[in-house]
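Undergrad: Just one file: input28.pdb, with PDB, C-alpha atoms, pLDDT in the B column.
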```
ATOM      1  CA  LEU A   1       0.000   0.000   0.000  1.00 48.00           C
ATOM      2  CA  ALA A   2       2.872   2.373   0.842  1.00 47.00           C
ATOM      3  CA  LEU A   3       4.205   1.815  -2.661  1.00 48.00           C
ATOM      4  CA  LEU A   4       0.849   2.862  -4.069  1.00 51.00           C
ATOM      5  CA  PHE A   5       1.002   6.184  -2.230  1.00 51.00           C
ATOM      6  CA  THR A   6       4.507   7.179  -3.223  1.00 50.00           C
ATOM      7  CA  GLY A   7       3.432   6.982  -6.844  1.00 50.00           C
ATOM      8  CA  ILE A   8       0.212   9.001  -6.608  1.00 53.00           C
ATOM      9  CA  TRP A   9       0.018  11.887  -9.029  1.00 56.00           C
ATOM     10  CA  PRO A  10      -1.367  15.049  -7.485  1.00 55.00           C
ATOM     11  CA  GLN A  11      -4.712  14.817  -9.306  1.00 61.00           C
ATOM     12  CA  ARG A  12      -5.376  11.354  -7.890  1.00 89.00           C
ATOM     13  CA  ALA A  13      -5.667  12.190  -4.193  1.00 92.00           C
ATOM     14  CA  PHE A  14      -9.441  12.686  -4.230  1.00 94.00           C
ATOM     15  CA  ILE A  15     -10.022   9.335  -5.951  1.00 93.00           C
ATOM     16  CA  HIS A  16      -7.759   7.637  -3.411  1.00 94.00           C
ATOM     17  CA  TRP A  17      -9.590   9.365  -0.589  1.00 96.00           C
ATOM     18  CA  ARG A  18     -12.912   8.156  -2.020  1.00 95.00           C
ATOM     19  CA  ILE A  19     -11.674   4.561  -2.352  1.00 95.00           C
ATOM     20  CA  GLN A  20     -10.266   4.545   1.181  1.00 96.00           C
ATOM     21  CA  MET A  21     -13.407   6.101   2.584  1.00 96.00           C
ATOM     22  CA  ALA A  22     -15.529   3.501   0.757  1.00 96.00           C
ATOM     23  CA  SER A  23     -13.325   0.769   2.140  1.00 97.00           C
ATOM     24  CA  TYR A  24     -13.686   2.174   5.680  1.00 97.00           C
ATOM     25  CA  VAL A  25     -17.497   2.300   5.334  1.00 97.00           C
ATOM     26  CA  THR A  26     -17.579  -1.272   3.988  1.00 97.00           C
ATOM     27  CA  ASN A  27     -15.418  -2.567   6.857  1.00 97.00           C
ATOM     28  CA  PHE A  28     -17.505  -0.640   9.370  1.00 97.00           C
ATOM     29  CA  ASN A  29     -20.605  -2.321   7.934  1.00 97.00           C
ATOM     30  CA  ARG A  30     -19.005  -5.769   8.328  1.00 97.00           C
ATOM     31  CA  LEU A  31     -18.168  -5.103  11.972  1.00 97.00           C
ATOM     32  CA  TYR A  32     -21.640  -3.704  12.554  1.00 96.00           C
ATOM     33  CA  GLN A  33     -23.170  -6.914  11.177  1.00 95.00           C
ATOM     34  CA  ALA A  34     -20.804  -9.098  13.186  1.00 95.00           C
ATOM     35  CA  GLY A  35     -21.472  -7.212  16.418  1.00 95.00           C
ATOM     36  CA  PHE A  36     -25.245  -7.614  16.289  1.00 91.00           C
ATOM     37  CA  SER A  37     -25.716 -10.893  14.447  1.00 89.00           C
ATOM     38  CA  PRO A  38     -28.800 -12.665  15.896  1.00 85.00           C
ATOM     39  CA  ASN A  39     -27.103 -16.012  15.158  1.00 87.00           C
ATOM     40  CA  LEU A  40     -24.382 -15.518  17.765  1.00 87.00           C
ATOM     41  CA  VAL A  41     -24.706 -16.926  21.274  1.00 86.00           C
ATOM     42  CA  ASP A  42     -21.600 -15.239  22.662  1.00 89.00           C
ATOM     43  CA  ARG A  43     -20.159 -11.816  22.167  1.00 91.00           C
ATOM     44  CA  PRO A  44     -17.809 -11.674  19.157  1.00 93.00           C
ATOM     45  CA  ARG A  45     -14.217 -10.487  19.728  1.00 94.00           C
ATOM     46  CA  LEU A  46     -14.021  -7.377  17.604  1.00 96.00           C
ATOM     47  CA  GLU A  47     -11.642  -5.094  19.528  1.00 95.00           C
ATOM     48  CA  LYS A  48      -8.697  -5.592  17.142  1.00 97.00           C
ATOM     49  CA  HIS A  49     -10.896  -4.994  14.103  1.00 97.00           C
ATOM     50  CA  LEU A  50     -12.368  -1.831  15.612  1.00 97.00           C
ATOM     51  CA  GLN A  51      -8.874  -0.555  16.361  1.00 97.00           C
ATOM     52  CA  LYS A  52      -7.813  -1.290  12.784  1.00 97.00           C
ATOM     53  CA  ILE A  53     -10.637   0.700  11.182  1.00 97.00           C
ATOM     54  CA  LEU A  54      -9.951   3.557  13.585  1.00 96.00           C
ATOM     55  CA  ASN A  55      -6.311   3.527  12.423  1.00 96.00           C
ATOM     56  CA  ASP A  56      -7.501   3.504   8.791  1.00 95.00           C
ATOM     57  CA  VAL A  57      -9.495   6.683   9.439  1.00 95.00           C
ATOM     58  CA  VAL A  58      -6.437   8.356  10.966  1.00 94.00           C
ATOM     59  CA  LYS A  59      -4.312   7.389   7.921  1.00 95.00           C
ATOM     60  CA  MET A  60      -6.791   9.082   5.581  1.00 95.00           C
ATOM     61  CA  ARG A  61      -5.795  12.454   7.034  1.00 95.00           C
ATOM     62  CA  GLY A  62      -2.751  12.390   4.754  1.00 95.00           C
ATOM     63  CA  LEU A  63      -5.005  12.658   1.709  1.00 95.00           C
ATOM     64  CA  ILE A  64      -7.001  15.666   2.934  1.00 96.00           C
ATOM     65  CA  ALA A  65      -4.613  18.456   1.921  1.00 95.00           C
ATOM     66  CA  PRO A  66      -3.936  17.156  -1.626  1.00 94.00           C
ATOM     67  CA  ALA A  67      -7.635  16.297  -2.130  1.00 94.00           C
ATOM     68  CA  CYS A  68      -8.603  19.862  -1.118  1.00 94.00           C
ATOM     69  CA  LYS A  69      -6.124  21.294  -3.604  1.00 92.00           C
ATOM     70  CA  GLU A  70      -7.519  19.129  -6.372  1.00 91.00           C
ATOM     71  CA  THR A  71     -11.213  19.613  -5.734  1.00 92.00           C
ATOM     72  CA  HIS A  72     -11.225  23.130  -4.208  1.00 92.00           C
ATOM     73  CA  LEU A  73     -13.527  21.727  -1.531  1.00 93.00           C
ATOM     74  CA  GLN A  74     -13.335  23.268   1.909  1.00 94.00           C
ATOM     75  CA  LYS A  75     -10.953  21.465   4.213  1.00 96.00           C
ATOM     76  CA  ALA A  76     -13.710  21.652   6.847  1.00 97.00           C
ATOM     77  CA  ILE A  77     -15.817  19.114   4.903  1.00 96.00           C
ATOM     78  CA  PHE A  78     -13.031  16.518   4.937  1.00 97.00           C
ATOM     79  CA  GLU A  79     -12.255  17.281   8.592  1.00 97.00           C
ATOM     80  CA  ALA A  80     -15.915  16.832   9.531  1.00 97.00           C
ATOM     81  CA  ILE A  81     -16.030  13.498   7.670  1.00 97.00           C
ATOM     82  CA  GLN A  82     -12.942  12.401   9.658  1.00 97.00           C
ATOM     83  CA  THR A  83     -14.577  13.365  12.949  1.00 97.00           C
ATOM     84  CA  VAL A  84     -17.874  11.632  12.175  1.00 97.00           C
ATOM     85  CA  SER A  85     -16.032   8.494  11.019  1.00 97.00           C
ATOM     86  CA  ARG A  86     -14.068   8.359  14.272  1.00 96.00           C
ATOM     87  CA  ASN A  87     -17.200   8.979  16.344  1.00 96.00           C
ATOM     88  CA  MET A  88     -18.976   6.132  14.580  1.00 96.00           C
ATOM     89  CA  VAL A  89     -16.284   3.623  15.547  1.00 97.00           C
ATOM     90  CA  CYS A  90     -16.437   4.694  19.199  1.00 95.00           C
ATOM     91  CA  MET A  91     -20.232   4.478  19.179  1.00 95.00           C
ATOM     92  CA  LEU A  92     -20.180   1.056  17.589  1.00 96.00           C
ATOM     93  CA  GLU A  93     -17.904  -0.202  20.345  1.00 95.00           C
ATOM     94  CA  LEU A  94     -20.219   1.182  23.048  1.00 94.00           C
ATOM     95  CA  GLN A  95     -23.250  -0.199  21.248  1.00 93.00           C
ATOM     96  CA  ILE A  96     -21.732  -3.685  21.083  1.00 94.00           C
ATOM     97  CA  ASN A  97     -21.020  -3.450  24.837  1.00 92.00           C
ATOM     98  CA  ALA A  98     -24.648  -2.513  25.529  1.00 90.00           C
ATOM     99  CA  HIS A  99     -25.982  -5.225  23.219  1.00 89.00           C
ATOM    100  CA  TRP A 100     -24.074  -7.977  25.025  1.00 91.00           C
ATOM    101  CA  SER A 101     -24.194  -6.668  28.597  1.00 88.00           C
ATOM    102  CA  SER A 102     -26.988  -8.938  29.891  1.00 82.00           C
ATOM    103  CA  ARG A 103     -28.941 -11.955  28.631  1.00 82.00           C
ATOM    104  CA  THR A 104     -32.320 -10.320  29.267  1.00 80.00           C
ATOM    105  CA  SER A 105     -31.516  -7.133  27.403  1.00 79.00           C
ATOM    106  CA  HIS A 106     -29.834  -9.090  24.612  1.00 82.00           C
ATOM    107  CA  PHE A 107     -33.016 -11.134  24.146  1.00 81.00           C
ATOM    108  CA  VAL A 108     -35.244  -8.035  24.178  1.00 79.00           C
ATOM    109  CA  MET A 109     -33.015  -6.312  21.614  1.00 81.00           C
ATOM    110  CA  ILE A 110     -32.907  -9.299  19.278  1.00 81.00           C
ATOM    111  CA  ASN A 111     -36.699  -9.407  19.323  1.00 79.00           C
ATOM    112  CA  ALA A 112     -37.486  -5.692  19.017  1.00 79.00           C
ATOM    113  CA  HIS A 113     -38.591  -5.206  15.415  1.00 79.00           C
ATOM    114  CA  THR A 114     -37.776  -1.478  15.452  1.00 79.00           C
ATOM    115  CA  LEU A 115     -34.190  -2.299  16.349  1.00 82.00           C
ATOM    116  CA  ARG A 116     -34.021  -4.927  13.615  1.00 84.00           C
ATOM    117  CA  ASP A 117     -35.345  -2.359  11.138  1.00 83.00           C
ATOM    118  CA  THR A 118     -32.745   0.101  12.396  1.00 84.00           C
ATOM    119  CA  GLN A 119     -29.973  -2.433  11.883  1.00 89.00           C
ATOM    120  CA  GLN A 120     -31.140  -3.171   8.347  1.00 89.00           C
ATOM    121  CA  MET A 121     -31.476   0.518   7.556  1.00 86.00           C
ATOM    122  CA  THR A 122     -28.016   1.233   9.006  1.00 89.00           C
ATOM    123  CA  GLN A 123     -26.499  -1.531   6.878  1.00 92.00           C
ATOM    124  CA  GLN A 124     -28.376  -0.309   3.820  1.00 90.00           C
ATOM    125  CA  THR A 125     -27.160   3.260   4.400  1.00 89.00           C
ATOM    126  CA  LEU A 126     -23.556   2.131   4.820  1.00 93.00           C
ATOM    127  CA  LEU A 127     -23.726   0.121   1.584  1.00 92.00           C
ATOM    128  CA  THR A 128     -25.271   3.074  -0.236  1.00 90.00           C
ATOM    129  CA  ILE A 129     -22.570   5.440   1.027  1.00 92.00           C
ATOM    130  CA  ALA A 130     -19.814   3.004  -0.003  1.00 93.00           C
ATOM    131  CA  HIS A 131     -21.388   2.596  -3.438  1.00 91.00           C
ATOM    132  CA  ALA A 132     -21.747   6.365  -3.895  1.00 90.00           C
ATOM    133  CA  LEU A 133     -18.074   6.825  -2.985  1.00 92.00           C
ATOM    134  CA  TYR A 134     -16.938   4.185  -5.472  1.00 91.00           C
ATOM    135  CA  GLU A 135     -19.140   5.638  -8.213  1.00 90.00           C
ATOM    136  CA  GLY A 136     -18.553   9.268  -7.287  1.00 87.00           C
ATOM    137  CA  ASN A 137     -22.322   9.854  -7.417  1.00 84.00           C
ATOM    138  CA  PRO A 138     -24.179  11.313  -4.401  1.00 81.00           C
ATOM    139  CA  GLN A 139     -27.727  10.595  -5.703  1.00 76.00           C
ATOM    140  CA  PRO A 140     -28.524   7.285  -3.917  1.00 71.00           C
ATOM    141  CA  ILE A 141     -27.524   8.687  -0.518  1.00 71.00           C
ATOM    142  CA  LEU A 142     -30.219  11.368  -0.555  1.00 65.00           C
ATOM    143  CA  ALA A 143     -33.047   8.828  -0.621  1.00 63.00           C
ATOM    144  CA  ASN A 144     -31.863   7.192   2.611  1.00 67.00           C
ATOM    145  CA  THR A 145     -31.696  10.168   4.934  1.00 66.00           C
ATOM    146  CA  GLU A 146     -35.473  10.565   5.230  1.00 69.00           C
ATOM    147  CA  LYS A 147     -35.870   6.951   6.369  1.00 71.00           C
ATOM    148  CA  LEU A 148     -33.088   7.453   8.914  1.00 70.00           C
ATOM    149  CA  SER A 149     -35.006  10.378  10.433  1.00 71.00           C
ATOM    150  CA  GLU A 150     -38.147   8.229  10.765  1.00 73.00           C
ATOM    151  CA  ILE A 151     -36.120   5.545  12.527  1.00 72.00           C
ATOM    152  CA  VAL A 152     -34.706   8.031  15.034  1.00 71.00           C
ATOM    153  CA  ALA A 153     -38.290   8.977  15.938  1.00 72.00           C
ATOM    154  CA  GLU A 154     -39.312   5.313  16.353  1.00 72.00           C
ATOM    155  CA  LEU A 155     -36.295   4.618  18.555  1.00 71.00           C
ATOM    156  CA  ARG A 156     -37.186   7.544  20.819  1.00 69.00           C
ATOM    157  CA  GLN A 157     -40.540   5.930  21.401  1.00 70.00           C
ATOM    158  CA  LEU A 158     -38.998   2.516  22.061  1.00 67.00           C
ATOM    159  CA  SER A 159     -36.589   3.890  24.658  1.00 62.00           C
ATOM    160  CA  GLY A 160     -39.567   4.736  26.896  1.00 62.00           C
ATOM    161  CA  GLU A 161     -41.058   1.234  26.866  1.00 62.00           C
ATOM    162  CA  HIS A 162     -38.942  -1.119  29.012  1.00 56.00           C
ATOM    163  CA  LYS A 163     -39.313  -0.930  32.773  1.00 58.00           C
ATOM    164  CA  GLY A 164     -38.360  -3.473  35.418  1.00 60.00           C
ATOM    165  CA  ASP A 165     -35.046  -5.309  35.213  1.00 61.00           C
ATOM    166  CA  ALA A 166     -32.626  -2.481  36.017  1.00 69.00           C
ATOM    167  CA  LEU A 167     -29.538  -3.825  34.235  1.00 65.00           C
ATOM    168  CA  ALA A 168     -31.532  -4.828  31.161  1.00 68.00           C
ATOM    169  CA  GLU A 169     -33.247  -1.446  31.184  1.00 73.00           C
ATOM    170  CA  THR A 170     -29.942   0.425  31.372  1.00 79.00           C
ATOM    171  CA  SER A 171     -28.379  -1.525  28.521  1.00 81.00           C
ATOM    172  CA  ILE A 172     -31.535  -1.306  26.388  1.00 78.00           C
ATOM    173  CA  HIS A 173     -31.663   2.458  26.932  1.00 80.00           C
ATOM    174  CA  GLY A 174     -27.964   2.707  26.179  1.00 85.00           C
ATOM    175  CA  TYR A 175     -28.287   0.634  23.042  1.00 86.00           C
ATOM    176  CA  VAL A 176     -31.336   2.542  21.804  1.00 83.00           C
ATOM    177  CA  TRP A 177     -29.719   5.898  22.527  1.00 85.00           C
ATOM    178  CA  LEU A 178     -26.560   4.814  20.689  1.00 89.00           C
ATOM    179  CA  SER A 179     -28.662   3.550  17.774  1.00 87.00           C
ATOM    180  CA  MET A 180     -30.283   6.988  17.527  1.00 84.00           C
ATOM    181  CA  GLU A 181     -26.916   8.675  17.793  1.00 88.00           C
ATOM    182  CA  LEU A 182     -25.405   6.404  15.135  1.00 91.00           C
ATOM    183  CA  ALA A 183     -28.374   7.096  12.835  1.00 85.00           C
ATOM    184  CA  ARG A 184     -27.789  10.828  13.361  1.00 85.00           C
ATOM    185  CA  GLN A 185     -24.063  10.488  12.647  1.00 92.00           C
ATOM    186  CA  LEU A 186     -24.876   8.496   9.506  1.00 90.00           C
ATOM    187  CA  GLU A 187     -27.243  11.232   8.394  1.00 86.00           C
ATOM    188  CA  LEU A 188     -24.487  13.771   8.929  1.00 90.00           C
ATOM    189  CA  LEU A 189     -21.937  11.583   7.127  1.00 93.00           C
ATOM    190  CA  SER A 190     -24.390  11.172   4.230  1.00 89.00           C
ATOM    191  CA  HIS A 191     -24.819  14.952   3.892  1.00 89.00           C
ATOM    192  CA  LEU A 192     -21.087  15.609   4.098  1.00 93.00           C
ATOM    193  CA  ILE A 193     -20.226  12.943   1.529  1.00 93.00           C
ATOM    194  CA  CYS A 194     -22.904  14.307  -0.798  1.00 90.00           C
ATOM    195  CA  ARG A 195     -21.244  17.715  -0.538  1.00 92.00           C
ATOM    196  CA  ALA A 196     -17.821  16.212  -1.226  1.00 93.00           C
ATOM    197  CA  LEU A 197     -19.088  14.274  -4.258  1.00 91.00           C
ATOM    198  CA  ARG A 198     -20.928  17.251  -5.757  1.00 85.00           C
ATOM    199  CA  LYS A 199     -17.623  19.100  -6.303  1.00 68.00           C
TER     200      LYS A 199
END
```
Step by step, read the file and then write its structure as structure tokens.
TA:
Amino acid sequence: LALLFTGIWPQRAFIHWRIQMASYVTNFNRLYQAGFSPNLVDRPRLEKHLQKILNDVVKMRGLIAPACKETHLQKAIFEAIQTVSRNMVCMLELQINAHWSSRTSHFVMINAHTLRDTQQMTQQTLLTIAHALYEGNPQPILANTEKLSEIVAELRQLSGEHKGDALAETSIHGYVWLSMELARQLELLSHLICRALRK
């Protein structure tokens, strides 16, 4: 990979940034699926993988300055994309912790259809973003953001429903809150990437 970078011509930085960003989003999606797979009985070990995608985000910083020069996009857009990408990894880690923190809550979360819908929508959004980055076309992303907003509203409602088992309640609330937050971050990422691709 290092070899690849030494030979980049100046006008290629934005394409490389797009490919790396798409790769990050794709890997994030894989970890997201692995973390919440209903087929797993025990918590998957994903710490190393999470650390790796966080490192990948940090490495992308090197492409920001040359990509700005090429595209005349504001540096702030790339910086914001970096921040959101980092936030998403941290949230995913917390969300996985909440999902696996107790058997009761885990069972409730696997069976809550709103949460399943959220997971599917999150995966769909991540795939759409990755595809848009590969193609360089922001169009498909725009269709998803409305659905994400609806899901945030549904999750708010769900977070008020479970009373009783204190530990389960705490982890369900945590998980739901993080799901809302991740949906919001994805919305933000979608808007920012649309702006970057409209250059």
Undergrad: To one decimal place, how far is CA of Leu188 in chain A from CA of Thr71 in chain A in Å?
TA: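 Taking CA of Leu188 in chain A as the start and CA of Thr71 in chain A as the end point, the length is 20.6 Å.
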Undergrad: When the PyMOL selection byres ((chain A and resi 36) around 10) is applied to the structure above, which residues does it catch, written out as a PyMOL selection string?
TA: chain A and resi 31-35+37-40+43-44+95-96+99-100+106+109-110+116+119
Undergrad: Mind listing whatever residues come within 9 Å of the point (-10.6, 14.9, 4.9)? Use all atoms listed in the file, file coordinates, and give them as a PyMOL selection string.
TA: chain A and resi 17+60-65+67-68+75-82
Undergrad: Can I get the residues of range 86-171 of chain A within 10 Å of range 190-198 of chain A, each with the closest pair of atoms and their distance in Å to one decimal, using all atoms listed in the file, sorted chain first then ascending number, as a Markdown table?
TA:
```
| residue | atom | partner | partner_atom | distance |
| --- | --- | --- | --- | --- |
| A:Thr125 | CA | A:Ser190 | CA | 8.4 |
| A:Leu126 | CA | A:Ser190 | CA | 9.1 |
| A:Thr128 | CA | A:Ser190 | CA | 9.3 |
| A:Ile129 | CA | A:Ser190 | CA | 6.8 |
| A:Ala132 | CA | A:Leu197 | CA | 8.4 |
| A:Leu133 | CA | A:Leu197 | CA | 7.6 |
| A:Glu135 | CA | A:Leu197 | CA | 9.5 |
| A:Gly136 | CA | A:Leu197 | CA | 5.9 |
| A:Asn137 | CA | A:Leu197 | CA | 6.3 |
| A:Pro138 | CA | A:Cys194 | CA | 4.9 |
| A:Gln139 | CA | A:Cys194 | CA | 7.8 |
| A:Pro140 | CA | A:Cys194 | CA | 9.5 |
| A:Ile141 | CA | A:Ser190 | CA | 6.2 |
| A:Leu142 | CA | A:Ser190 | CA | 7.5 |
| A:Asn144 | CA | A:Ser190 | CA | 8.6 |
| A:Thr145 | CA | A:Ser190 | CA | 7.4 |
```
Undergrad: Which distance in Å separates CA of Ser102 in chain A and CA of Ser171 in chain A, to one decimal?
TA: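 Between CA of Ser102 in chain A and CA of Ser171 in chain A the gap works out to 7.7 Å.
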Undergrad: What gap, in Å, lies between CA of Ala112 in chain A and CA of Arg86 in chain A?
TA: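 A separation of 27.7 Å between them.
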Undergrad: With distances taken over only C-alpha atoms, which residue among A:Val108, A:Leu54, A:Ala22, A:Val41 lies nearest Met88 in chain A?
TA: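 Nearest candidate to Met88 in chain A out of A:Val108, A:Leu54, A:Ala22, A:Val41: A:Leu54.
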Undergrad: Nearest to Val25 in chain A among A:Glu70, A:Glu154, A:Asp56, A:Asp117, with distances taken over all atoms listed in the file: which residue is it?
TA: A:Asp56
Undergrad: Between A:His72, A:Ser179, A:Phe107, A:Asn27, which residue has the minimum interatomic distance to Phe14 in chain A, considering all atoms listed in the file?
TA: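 Smallest distance to Phe14 in chain A is found for A:His72.
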Undergrad: Pick out the closest residue to Lys59 in chain A from this set: A:Met21, A:Leu92, A:Leu46, A:Leu73. Count all atoms listed in the file.
TA: A:Met21
Undergrad: Would you list the contacts of Val89 in chain A as a ChimeraX atom specification, taking every protein, DNA or RNA residue within 9 Å and counting only C-alpha atoms, but skipping same-chain residues closer than 2 positions in sequence?
TA: /A:28,50-51,53-54,84-87,91-94
Undergrad: Generate the output file for the selected residues, C-alpha atoms, as a short mmCIF file (atom, residue, chain, number, x, y, z; two decimals), in the frame of the given file.
TA:
```cif
data_model
loop_
_atom_site.label_atom_id
_atom_site.label_comp_id
_atom_site.auth_asym_id
_atom_site.auth_seq_id
_atom_site.Cartn_x
_atom_site.Cartn_y
_atom_site.Cartn_z
CA PHE A 28 -17.50 -0.64 9.37
CA LEU A 50 -12.37 -1.83 15.61
CA GLN A 51 -8.87 -0.56 16.36
CA ILE A 53 -10.64 0.70 11.18
CA LEU A 54 -9.95 3.56 13.58
CA VAL A 84 -17.87 11.63 12.18
CA SER A 85 -16.03 8.49 11.02
CA ARG A 86 -14.07 8.36 14.27
CA ASN A 87 -17.20 8.98 16.34
CA MET A 91 -20.23 4.48 19.18
CA LEU A 92 -20.18 1.06 17.59
CA GLU A 93 -17.90 -0.20 20.34
CA LEU A 94 -20.22 1.18 23.05
#
```
